[in-house]
>>> print(open('structure_31.cif').read())   # mmCIF, C-alpha atoms (C1' of nucleotides)
data_upload
#
loop_
_atom_site.label_atom_id
_atom_site.label_comp_id
_atom_site.auth_asym_id
_atom_site.auth_seq_id
_atom_site.Cartn_x
_atom_site.Cartn_y
_atom_site.Cartn_z
CA MET M 1 -8.89 -34.79 -14.79
CA ALA M 2 -6.22 -34.76 -12.09
CA ARG M 3 -4.70 -31.43 -13.04
CA GLN M 4 -5.39 -29.27 -16.00
CA SER M 5 -2.46 -26.97 -15.55
CA ASP M 6 -0.15 -27.49 -12.64
CA THR M 7 2.09 -24.73 -13.96
CA ARG M 8 -0.70 -22.18 -13.79
CA ALA M 9 -1.19 -22.87 -10.09
CA ARG M 10 2.55 -22.79 -9.44
CA ILE M 11 2.81 -19.40 -11.11
CA GLN M 12 0.01 -18.11 -8.91
CA ALA M 13 1.64 -19.49 -5.75
CA VAL M 14 4.99 -17.87 -6.47
CA ALA M 15 3.38 -14.61 -7.55
CA ARG M 16 1.18 -14.48 -4.44
CA GLU M 17 4.19 -15.04 -2.22
CA LEU M 18 6.31 -12.36 -3.92
CA PHE M 19 3.39 -9.91 -4.06
CA ALA M 20 2.80 -10.29 -0.31
CA ALA M 21 6.49 -10.13 0.59
CA GLN M 22 7.68 -7.18 -1.48
CA GLY M 23 4.59 -5.58 -2.99
CA VAL M 24 2.58 -6.10 -6.17
CA ARG M 25 3.93 -3.14 -8.07
CA GLU M 26 7.47 -3.96 -6.93
CA THR M 27 7.33 -7.48 -8.39
CA SER M 28 8.09 -7.95 -12.10
CA LEU M 29 7.06 -10.83 -14.29
CA ARG M 30 10.74 -11.55 -14.74
CA GLN M 31 11.16 -12.17 -11.01
CA ILE M 32 8.25 -14.57 -11.05
CA SER M 33 9.42 -16.52 -14.09
CA ASP M 34 13.01 -16.66 -12.80
CA ARG M 35 11.86 -18.12 -9.49
CA LEU M 36 10.08 -20.87 -11.42
CA GLY M 37 12.89 -21.58 -13.85
CA LEU M 38 10.74 -20.30 -16.72
CA THR M 39 10.88 -17.33 -19.06
CA LYS M 40 8.49 -14.41 -19.28
CA PRO M 41 6.70 -15.57 -22.45
CA ALA M 42 5.83 -18.82 -20.66
CA LEU M 43 3.77 -16.77 -18.23
CA TYR M 44 1.84 -15.27 -21.10
CA TYR M 45 0.77 -18.70 -22.21
CA HIS M 46 -1.06 -19.14 -18.90
CA PHE M 47 -2.24 -15.57 -18.33
CA ALA M 48 -3.39 -13.03 -20.88
CA SER M 49 -1.64 -10.18 -19.09
CA ARG M 50 -0.02 -9.15 -15.85
CA GLU M 51 -3.34 -7.76 -14.65
CA ASP M 52 -5.01 -11.09 -15.46
CA LEU M 53 -2.52 -12.85 -13.18
CA VAL M 54 -3.07 -10.40 -10.33
CA ARG M 55 -6.84 -10.63 -10.70
CA SER M 56 -6.80 -14.43 -10.65
CA ILE M 57 -5.00 -14.30 -7.29
CA VAL M 58 -7.35 -11.76 -5.69
CA GLN M 59 -10.57 -13.21 -7.11
CA PRO M 60 -11.12 -16.08 -4.62
CA MET M 61 -11.17 -13.61 -1.72
CA VAL M 62 -13.52 -11.33 -3.61
CA ASP M 63 -15.93 -14.19 -4.28
CA ASP M 64 -15.74 -15.36 -0.66
CA LEU M 65 -16.44 -11.86 0.64
CA GLU M 66 -19.40 -11.38 -1.68
CA ARG M 67 -20.91 -14.73 -0.68
CA PHE M 68 -20.29 -14.03 3.01
CA VAL M 69 -22.00 -10.64 3.07
CA ALA M 70 -24.91 -11.76 0.89
CA ALA M 71 -25.55 -14.82 3.07
CA ARG M 72 -25.59 -12.80 6.31
CA GLU M 73 -27.99 -10.23 4.87
CA LYS M 74 -30.60 -12.97 4.54
CA THR M 75 -30.62 -13.65 8.29
CA PRO M 76 -29.50 -10.53 10.12
CA ALA M 77 -28.95 -10.91 13.87
CA ARG M 78 -27.89 -7.69 15.52
CA ASP M 79 -28.02 -8.74 19.17
CA ALA M 80 -24.77 -9.26 21.07
CA ALA M 81 -24.50 -12.95 20.15
CA GLY M 82 -25.23 -12.42 16.47
CA ARG M 83 -22.83 -9.52 16.26
CA ARG M 84 -20.15 -11.58 17.92
CA LEU M 85 -20.66 -14.44 15.49
CA LEU M 86 -20.44 -12.06 12.54
CA LEU M 87 -17.12 -10.67 13.79
CA GLU M 88 -15.78 -14.17 14.38
CA ASP M 89 -16.70 -15.51 10.97
CA TYR M 90 -15.51 -12.35 9.23
CA PHE M 91 -12.18 -12.64 11.01
CA GLU M 92 -11.83 -16.27 9.93
CA LEU M 93 -12.62 -15.34 6.34
CA MET M 94 -9.89 -12.70 6.26
CA TRP M 95 -7.58 -15.13 8.01
CA ARG M 96 -8.10 -17.79 5.33
CA HIS M 97 -7.17 -15.21 2.71
CA ARG M 98 -4.51 -13.48 4.79
CA GLU M 99 -1.78 -13.82 2.18
CA VAL M 100 -3.98 -11.91 -0.27
CA THR M 101 -4.98 -9.50 2.50
CA VAL M 102 -1.33 -8.75 3.20
CA MET M 103 -0.70 -8.28 -0.48
CA VAL M 104 -3.64 -5.92 -0.94
CA VAL M 105 -3.05 -3.94 2.26
CA ARG M 106 0.60 -3.54 1.36
CA ASP M 107 -0.27 -2.00 -2.00
CA LEU M 108 -3.80 -0.61 -2.05
CA SER M 109 -3.38 0.56 -5.63
CA THR M 110 -3.92 -3.07 -6.56
CA LEU M 111 -7.59 -2.69 -5.70
CA ALA M 112 -7.89 0.43 -7.81
CA ASP M 113 -6.22 -1.27 -10.78
CA LEU M 114 -8.78 -4.08 -10.55
CA ASP M 115 -11.69 -1.66 -10.07
CA LEU M 116 -12.40 -3.13 -6.65
CA THR M 117 -12.20 0.01 -4.51
CA GLU M 118 -15.92 0.69 -4.76
CA ARG M 119 -16.83 -2.90 -3.96
CA MET M 120 -14.55 -2.89 -0.92
CA PHE M 121 -16.29 0.18 0.47
CA ASP M 122 -19.63 -1.41 -0.33
CA TRP M 123 -18.81 -4.56 1.68
CA ARG M 124 -17.72 -2.36 4.59
CA ARG M 125 -20.99 -0.44 4.40
CA ARG M 126 -23.09 -3.60 4.29
CA LEU M 127 -21.16 -5.19 7.15
CA THR M 128 -21.70 -2.03 9.19
CA ALA M 129 -25.41 -2.24 8.46
CA LEU M 130 -25.40 -5.85 9.66
CA LEU M 131 -23.81 -4.70 12.92
CA PHE M 132 -25.87 -1.57 13.59
CA GLY M 133 -28.97 -1.76 11.40
CA PRO M 134 -29.91 0.04 8.19
CA GLU M 135 -29.71 3.54 9.70
CA ILE M 136 -26.03 4.20 10.42
CA SER M 137 -24.96 7.27 12.39
CA ALA M 138 -21.58 8.93 11.88
CA ALA M 139 -20.42 7.63 15.26
CA GLN M 140 -21.44 4.07 14.38
CA GLN M 141 -19.55 4.28 11.10
CA ILE M 142 -16.41 5.37 12.93
CA ARG M 143 -16.77 2.56 15.48
CA ALA M 144 -17.17 0.05 12.66
CA THR M 145 -14.01 1.36 11.03
CA VAL M 146 -12.04 0.83 14.24
CA ALA M 147 -13.51 -2.65 14.75
CA LEU M 148 -13.26 -4.01 11.20
CA GLY M 149 -10.07 -2.15 10.32
CA GLY M 150 -8.49 -3.19 13.59
CA MET M 151 -9.28 -6.86 12.97
CA SER M 152 -7.91 -6.57 9.45
CA ASP M 153 -4.68 -5.11 10.84
CA CYS M 154 -4.43 -8.15 13.12
CA THR M 155 -4.68 -10.65 10.28
CA VAL M 156 -1.82 -8.81 8.58
CA GLU M 157 0.41 -8.17 11.60
CA TYR M 158 -0.01 -11.61 13.14
CA ALA M 159 -0.33 -13.60 9.92
CA HIS M 160 2.54 -15.87 11.01
CA LEU M 161 0.86 -16.95 14.27
CA PRO M 162 -1.70 -19.75 14.75
CA LEU M 163 -5.33 -18.62 14.40
CA GLU M 164 -6.22 -19.57 17.98
CA GLN M 165 -3.61 -17.20 19.39
CA VAL M 166 -5.14 -14.20 17.65
CA LYS M 167 -8.83 -14.66 16.88
CA ASP M 168 -10.48 -14.53 20.30
CA THR M 169 -8.71 -11.42 21.53
CA ALA M 170 -9.02 -9.61 18.20
CA VAL M 171 -12.75 -10.30 18.08
CA GLU M 172 -13.11 -9.31 21.75
CA ALA M 173 -11.37 -5.97 21.12
CA ALA M 174 -13.42 -5.34 17.98
CA ALA M 175 -16.68 -6.06 19.80
CA ALA M 176 -15.68 -3.65 22.57
CA ALA M 177 -14.88 -0.96 20.00
CA LEU M 178 -18.41 -1.30 18.57
CA GLY M 179 -19.96 -0.44 21.92
CA PRO M 180 -23.16 -1.91 23.40
CA ALA M 181 -25.36 -3.93 21.04
CA THR M 182 -28.99 -3.09 20.33
CA THR M 183 -31.31 -5.54 22.12
CA PRO M 184 -33.32 -7.82 19.82
CA MET K 185 14.78 35.68 4.49
CA ALA K 186 11.19 35.48 3.33
CA ARG K 187 11.60 32.31 1.27
CA GLN K 188 14.71 30.39 0.48
CA SER K 189 13.17 28.18 -2.12
CA ASP K 190 9.51 28.55 -2.80
CA THR K 191 9.81 26.08 -5.66
CA ARG K 192 11.10 23.34 -3.39
CA ALA K 193 8.04 23.63 -1.20
CA ARG K 194 5.73 23.71 -4.21
CA ILE K 195 7.28 20.53 -5.56
CA GLN K 196 6.72 18.84 -2.21
CA ALA K 197 3.11 20.00 -2.04
CA VAL K 198 2.27 18.67 -5.51
CA ALA K 199 4.17 15.43 -4.92
CA ARG K 200 2.48 14.85 -1.56
CA GLU K 201 -0.92 15.36 -3.15
CA LEU K 202 -0.24 13.02 -6.07
CA PHE K 203 1.38 10.41 -3.82
CA ALA K 204 -1.66 10.37 -1.53
CA ALA K 205 -4.16 10.36 -4.39
CA GLN K 206 -2.72 7.71 -6.69
CA GLY K 207 0.15 6.09 -4.81
CA VAL K 208 3.87 6.81 -4.45
CA ARG K 209 5.09 4.14 -6.83
CA GLU K 210 2.39 5.06 -9.34
CA THR K 211 3.51 8.69 -9.53
CA SER K 212 6.39 9.58 -11.86
CA LEU K 213 8.60 12.64 -11.66
CA ARG K 214 7.24 13.62 -15.03
CA GLN K 215 3.72 13.88 -13.62
CA ILE K 216 4.97 16.09 -10.83
CA SER K 217 6.97 18.41 -13.06
CA ASP K 218 4.15 18.64 -15.61
CA ARG K 219 1.70 19.68 -12.92
CA LEU K 220 4.06 22.49 -11.94
CA GLY K 221 4.82 23.62 -15.46
CA LEU K 222 8.44 22.53 -15.04
CA THR K 223 10.62 19.83 -16.55
CA LYS K 224 12.11 16.82 -14.83
CA PRO K 225 15.67 18.16 -14.59
CA ALA K 226 14.34 21.15 -12.67
CA LEU K 227 13.26 18.72 -9.93
CA TYR K 228 16.79 17.39 -9.73
CA TYR K 229 18.07 20.86 -8.94
CA HIS K 230 15.97 20.84 -5.74
CA PHE K 231 16.24 17.15 -4.81
CA ALA K 232 19.19 14.81 -5.23
CA SER K 233 16.96 11.91 -6.26
CA ARG K 234 13.43 10.66 -6.31
CA GLU K 235 14.01 8.96 -2.96
CA ASP K 236 15.29 12.23 -1.51
CA LEU K 237 12.00 13.90 -2.48
CA VAL K 238 9.90 11.15 -0.93
CA ARG K 239 11.97 11.19 2.24
CA SER K 240 11.67 14.96 2.62
CA ILE K 241 7.90 14.59 2.56
CA VAL K 242 7.73 11.77 5.10
CA GLN K 243 10.40 13.16 7.43
CA PRO K 244 8.28 15.72 9.36
CA MET K 245 5.90 12.98 10.46
CA VAL K 246 8.80 10.75 11.45
CA ASP K 247 10.34 13.53 13.56
CA ASP K 248 7.00 14.34 15.16
CA LEU K 249 6.38 10.70 16.03
CA GLU K 250 9.83 10.25 17.54
CA ARG K 251 9.44 13.41 19.66
CA PHE K 252 5.95 12.38 20.74
CA VAL K 253 6.89 8.90 21.94
CA ALA K 254 10.11 10.06 23.62
CA ALA K 255 8.28 12.83 25.51
CA ARG K 256 5.57 10.50 26.82
CA GLU K 257 8.10 7.96 27.99
CA LYS K 258 9.44 10.56 30.43
CA THR K 259 6.11 10.87 32.24
CA PRO K 260 4.16 7.62 31.76
CA ALA K 261 0.57 7.67 33.03
CA ARG K 262 -1.20 4.36 32.56
CA ASP K 263 -4.42 5.04 34.45
CA ALA K 264 -7.64 5.57 32.48
CA ALA K 265 -7.16 9.34 32.20
CA GLY K 266 -3.53 9.16 31.13
CA ARG K 267 -4.29 6.44 28.62
CA ARG K 268 -7.13 8.48 27.20
CA LEU K 269 -4.92 11.53 26.83
CA LEU K 270 -2.27 9.47 25.03
CA LEU K 271 -4.83 8.17 22.55
CA GLU K 272 -6.20 11.67 21.97
CA ASP K 273 -2.82 13.28 21.37
CA TYR K 274 -1.66 10.39 19.20
CA PHE K 275 -4.80 10.70 17.11
CA GLU K 276 -4.22 14.44 16.67
CA LEU K 277 -0.62 13.81 15.62
CA MET K 278 -1.67 11.37 12.93
CA TRP K 279 -4.44 13.74 11.91
CA ARG K 280 -1.99 16.63 11.42
CA HIS K 281 0.04 14.37 9.14
CA ARG K 282 -2.93 12.61 7.60
CA GLU K 283 -1.93 13.36 4.00
CA VAL K 284 1.37 11.57 4.63
CA THR K 285 -0.46 8.84 6.54
CA VAL K 286 -2.74 8.25 3.56
CA MET K 287 0.26 8.18 1.25
CA VAL K 288 2.17 5.71 3.41
CA VAL K 289 -0.81 3.46 4.14
CA ARG K 290 -1.67 3.39 0.46
CA ASP K 291 1.79 2.13 -0.46
CA LEU K 292 3.57 0.52 2.50
CA SER K 293 6.61 -0.26 0.37
CA THR K 294 7.44 3.42 0.78
CA LEU K 295 8.41 2.73 4.39
CA ALA K 296 10.62 -0.18 3.37
CA ASP K 297 12.36 1.93 0.72
CA LEU K 298 13.17 4.54 3.36
CA ASP K 299 14.25 1.92 5.91
CA LEU K 300 11.47 2.99 8.25
CA THR K 301 9.67 -0.32 8.73
CA GLU K 302 11.67 -1.21 11.85
CA ARG K 303 11.19 2.23 13.36
CA MET K 304 7.44 2.04 12.74
CA PHE K 305 7.19 -1.24 14.61
CA ASP K 306 9.36 0.22 17.36
CA TRP K 307 7.01 3.18 17.85
CA ARG K 308 4.08 0.78 18.01
CA ARG K 309 5.86 -1.29 20.63
CA ARG K 310 6.76 1.74 22.74
CA LEU K 311 3.22 3.13 22.52
CA THR K 312 1.87 -0.24 23.61
CA ALA K 313 4.24 -0.17 26.57
CA LEU K 314 2.94 3.30 27.48
CA LEU K 315 -0.60 1.92 27.44
CA PHE K 316 -0.04 -1.39 29.24
CA GLY K 317 3.31 -1.17 31.02
CA PRO K 318 6.71 -2.68 30.18
CA GLU K 319 5.50 -6.30 30.34
CA ILE K 320 3.20 -6.80 27.36
CA SER K 321 1.15 -9.98 26.99
CA ALA K 322 0.14 -11.36 23.60
CA ALA K 323 -3.47 -10.35 24.26
CA GLN K 324 -2.45 -6.79 25.12
CA GLN K 325 -0.42 -6.55 21.94
CA ILE K 326 -3.42 -7.62 19.89
CA ARG K 327 -5.68 -5.12 21.66
CA ALA K 328 -3.16 -2.36 20.98
CA THR K 329 -3.11 -3.30 17.29
CA VAL K 330 -6.89 -2.97 17.08
CA ALA K 331 -6.86 0.33 18.97
CA LEU K 332 -3.93 2.06 17.27
CA GLY K 333 -4.53 0.49 13.86
CA GLY K 334 -8.22 1.29 14.06
CA MET K 335 -7.52 4.95 14.85
CA SER K 336 -5.04 5.09 11.99
CA ASP K 337 -7.67 3.70 9.65
CA CYS K 338 -10.01 6.50 10.77
CA THR K 339 -7.53 9.26 9.93
CA VAL K 340 -7.25 7.75 6.45
CA GLU K 341 -10.91 6.97 5.81
CA TYR K 342 -12.29 10.22 7.23
CA ALA K 343 -9.41 12.49 6.23
CA HIS K 344 -11.83 14.80 4.43
CA LEU K 345 -14.01 15.45 7.52
CA PRO K 346 -13.39 18.02 10.27
CA LEU K 347 -11.34 16.72 13.20
CA GLU K 348 -14.15 17.27 15.71
CA GLN K 349 -16.46 14.93 13.83
CA VAL K 350 -14.04 12.02 14.08
CA LYS K 351 -11.67 12.35 17.03
CA ASP K 352 -13.92 11.77 20.06
CA THR K 353 -15.63 8.65 18.74
CA ALA K 354 -12.44 7.17 17.31
CA VAL K 355 -10.63 7.64 20.61
CA GLU K 356 -13.63 6.27 22.52
CA ALA K 357 -13.70 3.13 20.35
CA ALA K 358 -9.93 2.68 20.66
CA ALA K 359 -10.07 3.02 24.45
CA ALA K 360 -12.82 0.41 24.57
CA ALA K 361 -10.75 -1.96 22.42
CA LEU K 362 -7.88 -1.70 24.92
CA GLY K 363 -10.06 -2.99 27.76
CA PRO K 364 -9.99 -1.86 31.39
CA ALA K 365 -6.99 0.26 32.46
CA THR K 366 -4.65 -0.73 35.25
CA THR K 367 -5.30 1.37 38.35
CA PRO K 368 -2.47 3.75 39.29
"C1'" DG N 369 17.22 27.86 -11.86
"C1'" DT N 370 15.53 26.02 -15.76
"C1'" DC N 371 16.02 24.26 -20.24
"C1'" DT N 372 16.99 20.57 -24.40
"C1'" DA N 373 18.81 16.31 -25.35
"C1'" DT N 374 20.02 11.94 -24.19
"C1'" DA N 375 21.81 8.04 -21.66
"C1'" DA N 376 20.88 3.61 -19.31
"C1'" DA N 377 17.85 0.46 -17.35
"C1'" DT N 378 13.72 -2.04 -17.05
"C1'" DA N 379 8.97 -3.03 -17.77
"C1'" DG N 380 5.01 -5.37 -20.23
"C1'" DA N 381 4.04 -7.59 -24.31
"C1'" DT N 382 4.35 -10.14 -29.00
"C1'" DA N 383 6.32 -13.01 -33.18
"C1'" DG N 384 7.66 -17.09 -34.54
"C1'" DA N 385 10.60 -21.39 -34.02
"C1'" DC N 386 10.61 -25.85 -31.78
"C1'" DG T 387 4.16 -25.36 -23.51
"C1'" DT T 388 8.24 -23.21 -23.62
"C1'" DC T 389 11.91 -21.00 -25.91
"C1'" DT T 390 14.87 -16.93 -28.28
"C1'" DA T 391 14.66 -12.55 -29.99
"C1'" DT T 392 12.74 -8.23 -30.22
"C1'" DC T 393 9.49 -4.21 -29.95
"C1'" DT T 394 7.74 -0.31 -27.61
"C1'" DA T 395 7.06 2.54 -23.79
"C1'" DT T 396 8.45 4.51 -19.59
"C1'" DT T 397 11.38 5.41 -15.89
"C1'" DT T 398 15.27 7.61 -13.17
"C1'" DA T 399 19.06 10.27 -13.91
"C1'" DT T 400 22.85 13.21 -16.11
"C1'" DA T 401 25.45 16.53 -19.48
"C1'" DG T 402 25.74 20.82 -20.92
"C1'" DA T 403 23.64 25.23 -22.86
"C1'" DC T 404 21.35 29.51 -21.42
#
>>> encode(input="structure_31.cif", output="structure tokens")
Amino acid sequence: MARQSDTRARIQAVARELFAAQGVRETSLRQISDRLGLTKPALYYHFASREDLVRSIVQPMVDDLERFVAAREKTPARDAAGRRLLLEDYFELMWRHREVTVMVVRDLSTLADLDLTERMFDWRRRLTALLFGPEISAAQQIRATVALGGMSDCTVEYAHLPLEQVKDTAVEAAAAALGPATTP
Amino acid sequence: MARQSDTRARIQAVARELFAAQGVRETSLRQISDRLGLTKPALYYHFASREDLVRSIVQPMVDDLERFVAAREKTPARDAAGRRLLLEDYFELMWRHREVTVMVVRDLSTLADLDLTERMFDWRRRLTALLFGPEISAAQQIRATVALGGMSDCTVEYAHLPLEQVKDTAVEAAAAALGPATTP
DNA sequence: GTCTATAAATAGATAGAC
DNA sequence: GTCTATCTATTTATAGAC
């Protein structure tokens, strides 16, 4: 069972690269098939539709995010150390999926097309609750936006650098933006 | 000289709204003309092309940003108070243009189409220099990304709220992300 | 200034041969 | 699995009448 469909994975790799580089909406199936030396109908053998291809590329990040948030909710730790660890691991998650992050941030309509906008906001809300507790004030929500959004911007803007050159400072800045942690 | 072309402004208003709500690339000229009770060719009387319409909507923010950065470079003030003031005024600028900010953030390819990507990065670089001085370390650049990017995210995410409910906390969080200021 | 009509290009998608 | 050929829909943009 070495490989079931090497071509399927190659299509995804090329599509992901083009989507991140020039935008999802700006990339046609023709561009993808040309780059692979295939024709458009060949793509339809591996994917039911264009949307199916896009979804298959975004899905691994979605699954990872859902698992990540659900796991942390089982053992919340809102002191300074726990908060720090959450920011670190969240940064690494986005970093692992940074090509998809770039692609989604570059064209946010992608999320809407896949009906993921609501879920995205839900993850943000749950992450904020993990940082500040179940009762979230308006000020805390704003601070979480700066912290989490700022880290996300870093994964996109410095996607070409090694992780070690970005992570520590980005997490440090995000933690500072959150303000003092509640004592356990 | 009451109004030279009321229709031109109405086209821009409808286009800006649709662009921000559903994306620039996702909005056709037909949708815009329908909403106004006009036909597509009528739009071409007021704008040379689709790109000309988009540019005319983004241009005021571009001009404002260029003026803002150029003015601050004449009287740099990198102590805590000066840095704070810069963040406040920059936030208010983005807030004034938040409908365009939403529209651009939602579809970043818009900037590329208008050849504004380079200029955007240049403004970021100059703002970072105003915050940290002409010699910018990698860590300072990352902190500036969290601070400025985080504030930008706030203008988008809380665009529907009153300014007073967002500005102070967003600026506070951004200032914290920057770290301690250099003494004057 | 706005219309009707239409050109020209391109997209996603399918039929059927091999 | 991949191809050629084609369908259908939509887009930006223009010509020319009113």
>>> interface_residues(input="structure_31.cif", of="chain T", to="chain K", cutoff="9 Å", atoms="all atoms listed in the file", output="number ranges by chain")
T: 397-400
>>> interface_residues(input="structure_31.cif", of="chain M", to="chain K", cutoff="7 Å", atoms="only C-alpha atoms", output="list of chain:residue names")
M:Gly23, M:Arg106, M:Asp107, M:Leu108, M:Ser109, M:Ala139, M:Ile142, M:Arg143, M:Thr145, M:Val146, M:Ala147, M:Gly149, M:Gly150, M:Met151, M:Asp153, M:Cys154, M:Thr169, M:Ala170, M:Ala173, M:Ala174, M:Ala176, M:Ala177, M:Leu178
>>> atom_distance(input="structure_31.cif", atom1="atom CA of Glu99 of chain M", atom2="atom CA of Ser5 of chain M")
22.1 Å
>>> interface_residues(input="structure_31.cif", of="chain K", to="chain N", cutoff="12 Å", atoms="all atoms listed in the file", output="PyMOL selection string")
chain K and resi 189-192+217+221-230
>>> atom_distance(input="structure_31.cif", atom1="atom CA of Met245 of chain K", atom2="atom CA of Arg200 of chain K")
12.6 Å
>>> atom_distance(input="structure_31.cif", atom1="atom CA of Thr155 of chain M", atom2="atom CA of Glu17 of chain M")
15.9 Å
>>> resolve_selection(input="structure_31.cif", expression="the PyMOL selection byres ((chain M and resi 182) around 10)", output="list in words")
Arg78, Asp79, Ala80, Arg83, Leu131, Phe132, Gly133, Gly179, Pro180, Ala181, Thr183 and Pro184 of chain M
>>> write_last_selection(input="structure_31.cif", atoms="C-alpha atoms", output="PDB file, in the frame of the given file")
ATOM      1  CA  ARG M  78     -27.890  -7.690  15.520  1.00  0.00           C
ATOM      2  CA  ASP M  79     -28.020  -8.740  19.170  1.00  0.00           C
ATOM      3  CA  ALA M  80     -24.770  -9.260  21.070  1.00  0.00           C
ATOM      4  CA  ARG M  83     -22.830  -9.520  16.260  1.00  0.00           C
ATOM      5  CA  LEU M 131     -23.810  -4.700  12.920  1.00  0.00           C
ATOM      6  CA  PHE M 132     -25.870  -1.570  13.590  1.00  0.00           C
ATOM      7  CA  GLY M 133     -28.970  -1.760  11.400  1.00  0.00           C
ATOM      8  CA  GLY M 179     -19.960  -0.440  21.920  1.00  0.00           C
ATOM      9  CA  PRO M 180     -23.160  -1.910  23.400  1.00  0.00           C
ATOM     10  CA  ALA M 181     -25.360  -3.930  21.040  1.00  0.00           C
ATOM     11  CA  THR M 183     -31.310  -5.540  22.120  1.00  0.00           C
ATOM     12  CA  PRO M 184     -33.320  -7.820  19.820  1.00  0.00           C
TER      13      PRO M 184
END
>>> axis_aligned_box(input="structure_31.cif", around="segment 374-386 of chain N", padding_each_side="6 Å", output="JSON")
{"center_x": 12.9, "center_y": -7.0, "center_z": -25.8, "size_x": 29.8, "size_y": 49.8, "size_z": 29.5}
